[in-house]
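As stored in protein24.txt (compact mmCIF, C-alpha atoms and all ligand atoms):
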```txt
# COMPACT_ATOMS: atom_id res chain seq x y z
CA LEU P 89 76.38 -33.84 30.57
CA MET P 90 74.25 -34.60 27.50
CA VAL P 91 72.46 -37.42 29.30
CA ILE P 92 71.59 -35.20 32.23
CA THR P 93 70.26 -32.53 29.87
CA ILE P 94 67.99 -34.97 28.08
CA LEU P 95 66.70 -36.46 31.30
CA ALA P 96 66.06 -33.01 32.64
CA ALA P 97 64.21 -32.06 29.47
CA CYS P 98 61.98 -35.10 29.70
CA GLY P 99 61.54 -34.83 33.43
CA GLY P 100 58.36 -32.77 33.23
CA ASN P 101 57.21 -32.25 36.80
CA SER P 102 60.31 -33.56 38.51
CA SER P 103 62.23 -30.35 38.31
CA GLU P 104 64.58 -31.28 41.17
CA GLY P 105 67.98 -32.50 40.17
CA THR P 106 68.09 -30.54 36.96
CA THR P 107 70.38 -27.88 38.35
CA ALA P 108 73.34 -30.03 37.30
CA VAL P 109 73.05 -28.55 33.81
CA SER P 110 73.02 -25.00 35.16
CA GLY P 111 75.50 -23.44 37.55
CA PRO P 112 77.98 -20.70 36.71
CA ALA P 113 80.60 -21.30 34.05
CA SER P 114 83.41 -23.29 35.59
CA SER P 115 86.93 -21.94 35.84
CA ASP P 116 88.19 -24.10 32.98
CA GLY P 117 86.02 -21.97 30.70
CA GLU P 118 83.16 -24.38 30.14
CA ALA P 119 80.14 -22.45 28.92
CA ARG P 120 77.00 -22.14 30.99
CA THR P 121 73.96 -23.69 29.35
CA LEU P 122 70.67 -21.80 29.45
CA ARG P 123 67.54 -23.80 28.68
CA ILE P 124 64.45 -22.27 27.07
CA SER P 125 61.10 -24.03 27.49
CA LEU P 126 58.46 -23.31 24.84
CA GLY P 127 54.86 -24.49 24.80
CA LEU P 128 54.51 -24.45 21.00
CA ASN P 129 56.19 -26.57 18.33
CA ASP P 130 59.30 -25.87 16.26
CA GLN P 131 57.33 -24.52 13.28
CA HIS P 132 56.04 -21.53 15.22
CA PRO P 133 57.46 -17.97 15.16
CA LEU P 134 58.01 -18.43 18.91
CA TYR P 135 60.59 -21.11 18.13
CA LYS P 136 62.06 -19.15 15.20
CA GLY P 137 62.44 -16.14 17.49
CA SER P 138 64.13 -18.33 20.08
CA GLU P 139 66.55 -19.60 17.45
CA LYS P 140 67.35 -15.99 16.62
CA PHE P 141 67.95 -15.32 20.33
CA LYS P 142 70.32 -18.30 20.50
CA GLU P 143 72.16 -17.15 17.39
CA ILE P 144 72.68 -13.63 18.75
CA VAL P 145 73.78 -14.72 22.24
CA GLU P 146 76.17 -17.40 21.00
CA SER P 147 77.74 -15.03 18.48
CA GLN P 148 78.44 -12.50 21.24
CA THR P 149 79.97 -14.75 23.90
CA ASP P 150 81.54 -18.18 24.33
CA SER P 151 80.44 -18.24 27.95
CA LEU P 152 76.79 -19.06 27.21
CA LYS P 153 75.08 -21.86 25.27
CA ILE P 154 71.35 -21.82 24.55
CA GLU P 155 69.21 -24.95 24.32
CA ILE P 156 65.63 -24.72 23.06
CA TYR P 157 62.95 -27.24 24.06
CA HIS P 158 59.62 -26.94 22.25
CA SER P 159 56.10 -28.41 22.40
CA GLY P 160 55.94 -28.31 26.19
CA GLN P 161 58.59 -31.09 26.42
CA ILE P 162 59.87 -29.56 29.64
CA ALA P 163 56.66 -28.08 31.01
CA ASP P 164 53.47 -26.20 30.22
CA ASP P 165 53.44 -22.40 30.65
CA ARG P 166 52.46 -22.39 34.31
CA SER P 167 54.87 -25.12 35.47
CA ALA P 168 57.69 -23.53 33.45
CA ILE P 169 57.15 -20.23 35.31
CA GLU P 170 57.36 -22.14 38.62
CA MET P 171 60.62 -23.78 37.50
CA LEU P 172 62.02 -20.32 36.77
CA GLN P 173 61.19 -19.32 40.34
CA PHE P 174 63.21 -22.29 41.65
CA GLY P 175 66.04 -21.70 39.19
CA THR P 176 65.65 -25.19 37.68
CA LEU P 177 64.84 -23.65 34.29
CA ASP P 178 66.40 -20.49 32.87
CA ILE P 179 64.01 -19.07 30.29
CA THR P 180 60.39 -19.48 29.24
CA ILE P 181 58.18 -17.41 26.94
CA PRO P 182 54.56 -17.90 28.05
CA SER P 183 51.37 -16.04 27.20
CA SER P 184 50.46 -13.40 29.75
CA ALA P 185 47.28 -15.20 30.89
CA PRO P 186 48.96 -18.06 32.80
CA PHE P 187 51.24 -15.47 34.45
CA VAL P 188 48.30 -13.63 36.05
CA PRO P 189 48.17 -15.90 39.14
CA PHE P 190 51.75 -14.72 39.79
CA VAL P 191 51.33 -11.01 38.95
CA PRO P 192 47.65 -9.93 38.82
CA GLU P 193 48.37 -6.71 36.91
CA TYR P 194 49.10 -8.74 33.78
CA GLY P 195 45.36 -9.43 33.76
CA VAL P 196 44.79 -6.21 31.83
CA PHE P 197 45.44 -8.14 28.62
CA ASP P 198 42.64 -10.57 29.41
CA LEU P 199 40.03 -7.83 29.30
CA PRO P 200 38.20 -8.67 26.09
CA PHE P 201 38.07 -6.41 23.03
CA THR P 202 40.58 -3.86 24.36
CA LEU P 203 43.73 -4.10 22.20
CA THR P 204 42.49 -4.12 18.62
CA ASP P 205 45.42 -3.69 16.21
CA THR P 206 49.17 -4.23 16.09
CA GLU P 207 49.99 -0.52 15.98
CA MET P 208 48.09 -0.03 19.22
CA VAL P 209 49.81 -3.08 20.68
CA ASP P 210 53.26 -1.69 19.92
CA SER P 211 52.39 1.75 21.30
CA VAL P 212 51.15 0.27 24.58
CA LEU P 213 53.65 -2.57 25.09
CA GLN P 214 56.86 -1.13 23.69
CA GLY P 215 56.26 2.19 25.49
CA GLU P 216 56.16 3.33 29.13
CA PHE P 217 53.17 1.21 30.06
CA GLY P 218 54.91 -2.01 29.01
CA LYS P 219 58.09 -0.99 30.75
CA ASN P 220 56.32 -0.20 34.03
CA LEU P 221 54.40 -3.45 33.96
CA ALA P 222 57.54 -5.51 33.31
CA ALA P 223 59.19 -3.82 36.30
CA LYS P 224 56.59 -5.38 38.63
CA VAL P 225 57.65 -9.00 38.26
CA GLU P 226 60.94 -9.33 40.14
CA SER P 227 59.27 -10.01 43.49
CA GLN P 228 57.96 -13.19 41.84
CA GLY P 229 61.44 -14.54 41.20
CA VAL P 230 61.51 -13.79 37.50
CA VAL P 231 62.77 -11.01 35.24
CA GLN P 232 60.86 -9.98 32.11
CA LEU P 233 63.31 -8.93 29.41
CA ALA P 234 61.05 -8.30 26.43
CA TRP P 235 57.55 -8.44 24.96
CA TRP P 236 57.17 -11.00 22.21
CA GLU P 237 53.92 -11.85 20.44
CA ASN P 238 51.43 -14.69 20.49
CA GLY P 239 48.75 -12.55 18.85
CA PHE P 240 45.06 -11.92 18.44
CA ARG P 241 42.97 -14.87 19.54
CA GLN P 242 40.40 -16.49 17.23
CA LEU P 243 37.78 -19.15 17.83
CA THR P 244 37.68 -22.63 16.30
CA ASN P 245 35.20 -25.42 16.92
CA ASN P 246 34.00 -28.68 15.52
CA SER P 247 30.28 -28.34 15.87
CA LYS P 248 28.97 -25.40 13.80
CA PRO P 249 29.81 -22.11 12.10
CA ILE P 250 29.68 -19.26 14.63
CA LYS P 251 28.27 -15.93 13.49
CA THR P 252 26.19 -14.73 16.40
CA LEU P 253 26.15 -14.67 20.17
CA GLU P 254 23.28 -17.15 19.98
CA ASP P 255 25.57 -19.64 18.15
CA LEU P 256 27.90 -19.77 21.16
CA LYS P 257 25.22 -21.13 23.48
CA GLY P 258 26.53 -24.19 25.30
CA LEU P 259 29.61 -24.51 23.09
CA LYS P 260 32.23 -26.33 25.13
CA ILE P 261 35.52 -24.56 24.63
CA ARG P 262 38.92 -24.97 26.20
CA VAL P 263 40.26 -21.74 27.65
CA MET P 264 43.53 -20.84 29.33
CA GLU P 265 43.81 -21.27 33.10
CA ASN P 266 42.73 -17.71 33.80
CA GLU P 267 39.64 -16.44 35.63
CA THR P 268 38.85 -13.54 33.31
CA HIS P 269 38.86 -15.85 30.29
CA ILE P 270 36.53 -18.28 32.02
CA ALA P 271 34.19 -15.46 33.06
CA SER P 272 34.21 -13.88 29.59
CA TRP P 273 33.21 -17.06 27.79
CA LYS P 274 30.52 -17.73 30.37
CA ALA P 275 29.20 -14.21 29.81
CA LEU P 276 29.13 -14.95 26.09
CA GLY P 277 26.97 -18.01 26.76
CA ALA P 278 29.62 -20.67 26.06
CA ASN P 279 30.72 -23.46 28.37
CA PRO P 280 34.44 -22.83 29.05
CA THR P 281 36.82 -25.50 30.41
CA PRO P 282 40.22 -24.31 31.67
CA MET P 283 43.05 -26.64 30.69
CA ALA P 284 46.82 -26.53 30.07
CA PHE P 285 47.72 -26.04 26.41
CA THR P 286 49.66 -29.31 26.39
CA GLU P 287 46.36 -31.24 26.84
CA LEU P 288 44.40 -29.35 24.22
CA PHE P 289 44.97 -31.34 21.03
CA THR P 290 43.97 -34.62 22.67
CA ALA P 291 40.91 -32.96 24.24
CA MET P 292 39.74 -31.84 20.78
CA GLN P 293 40.55 -35.20 19.25
CA GLN P 294 38.62 -37.07 21.93
CA LYS P 295 35.86 -34.46 21.75
CA THR P 296 35.97 -33.60 25.44
CA VAL P 297 35.80 -30.01 24.10
CA ASP P 298 34.08 -28.67 20.97
CA GLY P 299 36.53 -25.89 20.42
CA GLN P 300 39.33 -23.59 21.53
CA GLU P 301 40.70 -20.13 20.90
CA ASN P 302 44.24 -19.19 19.82
CA PRO P 303 45.95 -16.97 17.23
CA TYR P 304 46.07 -18.04 13.55
CA PRO P 305 49.72 -19.21 13.55
CA SER P 306 49.05 -21.73 16.35
CA ILE P 307 45.78 -22.91 14.79
CA LEU P 308 47.58 -23.75 11.54
CA LEU P 309 50.98 -24.88 12.80
CA GLU P 310 49.61 -27.04 15.64
CA LYS P 311 47.42 -28.68 12.95
CA TYR P 312 44.04 -27.90 14.48
CA PRO P 313 42.22 -28.25 11.14
CA GLU P 314 42.75 -32.01 11.62
CA VAL P 315 40.29 -31.90 14.52
CA GLN P 316 38.34 -28.63 13.99
CA LYS P 317 36.04 -27.70 11.11
CA TYR P 318 35.00 -24.12 11.83
CA LEU P 319 37.04 -20.96 12.23
CA THR P 320 35.67 -17.61 13.41
CA GLU P 321 37.56 -14.34 13.40
CA THR P 322 36.79 -12.94 16.85
CA ASN P 323 39.97 -11.01 17.82
CA HIS P 324 38.57 -11.14 21.35
CA VAL P 325 41.89 -10.95 23.19
CA TYR P 326 45.48 -10.05 22.30
CA SER P 327 48.01 -12.39 23.95
CA PRO P 328 51.51 -11.04 24.46
CA PHE P 329 54.35 -13.50 24.98
CA LEU P 330 56.56 -12.60 27.96
CA PHE P 331 60.27 -13.30 27.65
CA LEU P 332 60.90 -14.44 31.23
CA PHE P 333 64.24 -15.24 32.84
CA SER P 334 64.83 -16.92 36.21
CA LYS P 335 65.81 -14.20 38.72
CA LYS P 336 67.87 -16.74 40.66
CA VAL P 337 69.94 -17.56 37.57
CA TRP P 338 70.00 -13.92 36.40
CA ASP P 339 71.67 -12.86 39.64
CA GLU P 340 74.45 -15.39 39.05
CA LEU P 341 75.38 -13.95 35.65
CA THR P 342 77.98 -11.26 35.03
CA PRO P 343 76.76 -7.78 33.99
CA GLU P 344 78.25 -8.44 30.53
CA GLN P 345 76.26 -11.65 30.17
CA GLN P 346 73.11 -9.91 31.37
CA GLU P 347 73.52 -7.17 28.82
CA ILE P 348 74.06 -9.63 25.96
CA ILE P 349 70.98 -11.61 27.00
CA GLU P 350 68.74 -8.59 27.43
CA ASP P 351 69.72 -7.04 24.09
CA ALA P 352 69.28 -10.38 22.35
CA ALA P 353 65.82 -10.89 23.91
CA ILE P 354 64.74 -7.48 22.60
CA GLU P 355 66.25 -7.91 19.14
CA ALA P 356 64.94 -11.44 18.71
CA GLY P 357 61.59 -10.15 19.96
CA GLU P 358 61.43 -7.65 17.10
CA TYR P 359 62.09 -10.49 14.70
CA ASN P 360 59.48 -12.65 16.46
CA ARG P 361 56.79 -9.97 16.27
CA GLU P 362 57.41 -9.26 12.61
CA LEU P 363 57.42 -12.95 11.72
CA THR P 364 54.31 -13.60 13.84
CA ARG P 365 52.35 -10.91 12.01
CA GLN P 366 53.40 -12.14 8.60
CA THR P 367 52.66 -15.74 9.63
CA ALA P 368 49.23 -14.73 10.95
CA GLU P 369 48.28 -13.27 7.56
CA GLU P 370 49.55 -16.27 5.63
CA ALA P 371 48.04 -18.72 8.10
CA LEU P 372 44.60 -17.14 7.75
CA GLU P 373 44.68 -17.57 3.97
CA GLU P 374 45.73 -21.20 4.34
CA LEU P 375 43.16 -21.88 7.07
CA LYS P 376 40.37 -20.51 4.88
CA SER P 377 41.08 -23.35 2.46
CA GLN P 378 41.10 -25.96 5.23
CA MET P 379 38.19 -24.79 7.42
CA GLU P 380 34.85 -23.06 7.09
CA PHE P 381 35.55 -19.42 7.91
CA THR P 382 33.10 -16.91 9.39
CA GLU P 383 33.33 -13.36 10.65
CA ILE P 384 31.28 -11.48 13.23
CA SER P 385 29.38 -8.47 11.84
CA ASP P 386 29.89 -5.09 13.52
CA GLU P 387 26.32 -5.19 14.75
CA GLU P 388 26.82 -8.59 16.34
CA LEU P 389 30.22 -7.62 17.73
CA ALA P 390 28.53 -4.82 19.64
CA LYS P 391 26.44 -7.49 21.38
CA PHE P 392 29.57 -9.49 22.25
CA LYS P 393 31.12 -6.38 23.78
CA GLU P 394 28.01 -5.58 25.73
CA ALA P 395 27.88 -9.13 27.08
CA VAL P 396 31.44 -9.00 28.45
CA GLN P 397 31.27 -5.50 29.95
CA PRO P 398 30.21 -6.86 33.38
CA VAL P 399 33.33 -9.07 33.32
CA ILE P 400 35.55 -6.02 32.86
CA ASP P 401 33.74 -4.27 35.71
CA LYS P 402 33.99 -7.31 37.95
CA TYR P 403 37.67 -8.14 37.44
CA LYS P 404 38.88 -4.56 37.52
CA SER P 405 39.60 -4.48 41.25
CA GLN P 406 41.17 -7.96 41.22
CA ILE P 407 43.60 -6.90 38.48
CA GLY P 408 44.14 -3.50 40.10
CA THR P 409 41.86 -0.51 39.57
CA GLU P 410 44.73 1.88 38.94
CA ILE P 411 46.49 -0.27 36.35
CA VAL P 412 43.23 -1.08 34.56
CA ASP P 413 42.41 2.64 34.31
CA GLN P 414 45.93 3.36 33.01
CA TYR P 415 45.61 0.53 30.51
CA LEU P 416 42.19 1.61 29.27
CA ALA P 417 43.46 5.20 28.93
CA GLU P 418 46.34 3.90 26.80
CA VAL P 419 43.94 1.88 24.68
CA GLU P 420 41.71 4.93 24.28
CA LYS P 421 44.68 7.10 23.32
CA TYR P 422 45.71 4.83 20.46
CA SER P 423 42.21 3.90 19.27
CA LYS P 424 41.51 4.83 15.70
CA GLU P 425 38.11 6.35 15.26
C1 LIG U 501 47.28 -21.11 25.18
C2 LIG U 501 48.38 -20.16 24.76
C3 LIG U 501 49.55 -21.07 24.37
C4 LIG U 501 50.91 -20.48 24.51
C5 LIG U 501 52.02 -21.55 24.39
C6 LIG U 501 51.75 -22.79 25.16
O1 LIG U 501 46.28 -21.19 24.51
O2 LIG U 501 47.98 -19.33 23.72
O3 LIG U 501 49.38 -21.50 23.06
O4 LIG U 501 51.04 -19.76 25.67
O5 LIG U 501 53.21 -21.07 24.80
O6 LIG U 501 47.47 -21.77 26.20
```
Can the structure from this file be put into structure tokens for me?
Ligand code: TF8
Amino acid sequence: LMVITILAACGGNSSEGTTAVSGPASSDGEARTLRISLGLNDQHPLYKGSEKFKEIVESQTDSLKIEIYHSGQIADDRSAIEMLQFGTLDITIPSSAPFVPFVPEYGVFDLPFTLTDTEMVDSVLQGEFGKNLAAKVESQGVVQLAWWENGFRQLTNNSKPIKTLEDLKGLKIRVMENETHIASWKALGANPTPMAFTELFTAMQQKTVDGQENPYPSILLEKYPEVQKYLTETNHVYSPFLFLFSKKVWDELTPEQQEIIEDAAIEAGEYNRELTRQTAEEALEELKSQMEFTEISDEELAKFKEAVQPVIDKYKSQIGTEIVDQYLAEVEKYSKE
């Protein structure tokens, strides 16, 4: 069984044949193994949260075993979601952006400069809005059990300190495979290249891109200062992590198992969010000593916002006019003046 698991983990694209490690618990009481695929490494709060999830589930039942695979060993975000649909992978915790091709409504989070602080994030995501959104995904063959946190995205690059809109001109940056992100960076004057996260480090190393954007914990823990000199606090987008479960596998579990898993996903998610926020603060301090740090003045930020407004207007109908209006109303409601 171990050999099959390892082969399956290394299989990457060849997702067929991996079902041997899944399947309901056999009658002799052998536990069912659930595999989690993560895009980030084992230093990240995403991994620590997943360990917490494993700990909770395995302490509650002998019928389930959790295996965690990090650093995109199994797949990148998008391919992992597809494996969930086929039932060849059980769990993945991607950013919302690569999920948008599956469920367009999740595109609300890609609208730049909307969610601005963690209190607002919790009010929107942990409340009715988050619940209603998560209820939309089952037709796509997945179940969303909780909202975890990737965080507020910041810009790094290896060519110059960024302080103004003008500085972004022609800057070649890797963005997630998501239309709104591509359009936003174009509107800001940069030259965005969509690419899977798993290819990013090499792209920076080989200088096929000048920069990228991700939250502070990833920038530090994925060792980007080795290949990037400049860090700019932009907070342009908040990326939630979605705790996704294969619907096919979910339907094979007992109600007791489902309850244990759902509760654990929520509880471990609380731990993940708390740890992510603490890590973001500490990471920023550390990054300031390793990179040249700049901020965007309020005056300049107003120009950034103005530049991306047409993107919000343009993608509104594609994401869903009604959900965008609901989302913006939520954002408005929790905005601090
Ligand atoms: C990105 C995302 C990723 C995460 C990770 C792969 O830039 O922020 O870091 O979704 O799970 O692609």
What's the 9 Å shell around Gln228 of chain P, counting only C-alpha atoms, without same-chain residues fewer than 3 positions away, as a PyMOL selection string?
chain P and resi 173+190-191+224-225+231+335
Dump the neighbourhood of ligand LIG 501 (chain U) as a CSV table (one decimal) with C-alpha atoms, in the coordinates of the input: all residues within 6 Å, distances computed on only C-alpha atoms and all ligand atoms.
```
chain,number,residue,atom,x,y,z
P,126,LEU,CA,58.5,-23.3,24.8
P,127,GLY,CA,54.9,-24.5,24.8
P,128,LEU,CA,54.5,-24.4,21.0
P,165,ASP,CA,53.4,-22.4,30.6
P,182,PRO,CA,54.6,-17.9,28.0
P,183,SER,CA,51.4,-16.0,27.2
P,264,MET,CA,43.5,-20.8,29.3
P,285,PHE,CA,47.7,-26.0,26.4
P,302,ASN,CA,44.2,-19.2,19.8
```
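From atom CA of Glu383 of chain P back to atom CA of Gln316 of chain P, the distance works out to 16.4 Å.
Straight-line separation from atom CA of Leu203 of chain P to atom CA of Glu265 of chain P: 20.3 Å.
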Using all atoms listed in the file, which of P:Leu233, P:Phe240, P:Pro313, P:Leu341 sits nearest Glu374 of chain P?
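Of P:Leu233, P:Phe240, P:Pro313, P:Leu341, the one nearest Glu374 of chain P is P:Pro313, counting all atoms listed in the file.
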For Val337 of chain P: contacts at 8 Å, all atoms listed in the file, fewer than 3 positions along chain excluded, given as an MDAnalysis selection string:
chainID P and resid 175 178 333:334 340:341
Quote the spacing between atom CA of Gln214 of chain P and atom CA of Ala234 of chain P in Å to one decimal place.
8.7 Å
Size and centre in Å, one decimal, axis-aligned box, all listed segment 153-170 of chain P atoms plus 8 Å per side, as AutoDock Vina command-line options:
```
--center_x 63.8 --center_y -25.7 --center_z 30.4 --size_x 38.6 --size_y 26.9 --size_z 32.4
```
From the list P:Met292, P:Ile354, P:Ala168, P:Leu243, which residue is nearest Trp273 of chain P when using only C-alpha atoms?
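Between P:Met292, P:Ile354, P:Ala168, P:Leu243, the residue approaching Trp273 of chain P most closely is P:Leu243.
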Atoms added to segment 211-221 of chain P (all heavy atoms), reported as a short mmCIF file (atom, residue, chain, number, x, y, z; two decimals), keeping the file's coordinate frame:
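Output saved as selection-v3.cif:
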```
data_model
loop_
_atom_site.label_atom_id
_atom_site.label_comp_id
_atom_site.auth_asym_id
_atom_site.auth_seq_id
_atom_site.Cartn_x
_atom_site.Cartn_y
_atom_site.Cartn_z
N SER P 211 52.38 0.49 20.54
CA SER P 211 52.39 1.75 21.30
C SER P 211 52.26 1.47 22.80
O SER P 211 52.95 2.07 23.62
CB SER P 211 51.24 2.66 20.87
OG SER P 211 51.29 2.88 19.49
N VAL P 212 51.38 0.55 23.16
CA VAL P 212 51.15 0.27 24.58
C VAL P 212 52.29 -0.55 25.18
O VAL P 212 52.83 -0.21 26.24
CB VAL P 212 49.79 -0.45 24.78
CG1 VAL P 212 49.59 -0.83 26.24
CG2 VAL P 212 48.64 0.43 24.30
N LEU P 213 52.68 -1.64 24.50
CA LEU P 213 53.65 -2.57 25.09
C LEU P 213 55.10 -2.12 24.99
O LEU P 213 55.89 -2.33 25.91
CB LEU P 213 53.52 -3.96 24.46
CG LEU P 213 52.23 -4.67 24.78
CD1 LEU P 213 52.27 -6.09 24.27
CD2 LEU P 213 51.99 -4.68 26.28
N GLN P 214 55.45 -1.52 23.86
CA GLN P 214 56.86 -1.13 23.69
C GLN P 214 57.12 0.24 24.34
O GLN P 214 58.26 0.71 24.36
CB GLN P 214 57.26 -1.12 22.21
CG GLN P 214 56.98 -2.43 21.46
CD GLN P 214 57.71 -3.64 22.05
OE1 GLN P 214 58.85 -3.54 22.47
NE2 GLN P 214 57.04 -4.78 22.09
N GLY P 215 56.09 0.89 24.85
CA GLY P 215 56.26 2.19 25.49
C GLY P 215 56.34 2.11 27.00
O GLY P 215 56.66 1.05 27.56
N GLU P 216 56.05 3.22 27.67
CA GLU P 216 56.16 3.33 29.13
C GLU P 216 55.30 2.30 29.86
O GLU P 216 55.73 1.71 30.85
CB GLU P 216 55.74 4.74 29.59
CG GLU P 216 56.81 5.80 29.41
CD GLU P 216 58.15 5.40 30.03
OE1 GLU P 216 58.19 5.17 31.26
OE2 GLU P 216 59.15 5.32 29.28
N PHE P 217 54.08 2.12 29.37
CA PHE P 217 53.17 1.21 30.06
C PHE P 217 53.78 -0.20 30.16
O PHE P 217 53.80 -0.80 31.23
CB PHE P 217 51.80 1.15 29.34
CG PHE P 217 50.81 0.28 30.05
CD1 PHE P 217 50.04 0.78 31.09
CD2 PHE P 217 50.67 -1.06 29.70
CE1 PHE P 217 49.14 -0.04 31.77
CE2 PHE P 217 49.77 -1.89 30.37
CZ PHE P 217 49.01 -1.37 31.40
N GLY P 218 54.29 -0.68 29.04
CA GLY P 218 54.91 -2.01 29.01
C GLY P 218 56.12 -2.10 29.92
O GLY P 218 56.33 -3.10 30.60
N LYS P 219 56.89 -1.03 29.92
CA LYS P 219 58.09 -0.99 30.75
C LYS P 219 57.72 -1.05 32.24
O LYS P 219 58.31 -1.80 33.01
CB LYS P 219 58.87 0.31 30.46
CG LYS P 219 60.36 0.09 30.35
CD LYS P 219 61.08 1.40 30.09
CE LYS P 219 61.52 1.48 28.63
NZ LYS P 219 61.85 2.85 28.19
N ASN P 220 56.74 -0.24 32.62
CA ASN P 220 56.32 -0.20 34.03
C ASN P 220 55.75 -1.53 34.49
O ASN P 220 55.99 -1.97 35.62
CB ASN P 220 55.28 0.90 34.24
CG ASN P 220 55.89 2.28 34.07
OD1 ASN P 220 57.11 2.45 34.17
ND2 ASN P 220 55.05 3.27 33.77
N LEU P 221 55.00 -2.17 33.61
CA LEU P 221 54.40 -3.45 33.96
C LEU P 221 55.51 -4.50 34.17
O LEU P 221 55.52 -5.22 35.17
CB LEU P 221 53.43 -3.88 32.85
CG LEU P 221 52.44 -4.98 33.19
CD1 LEU P 221 51.65 -4.67 34.45
CD2 LEU P 221 51.48 -5.20 32.02
#
```
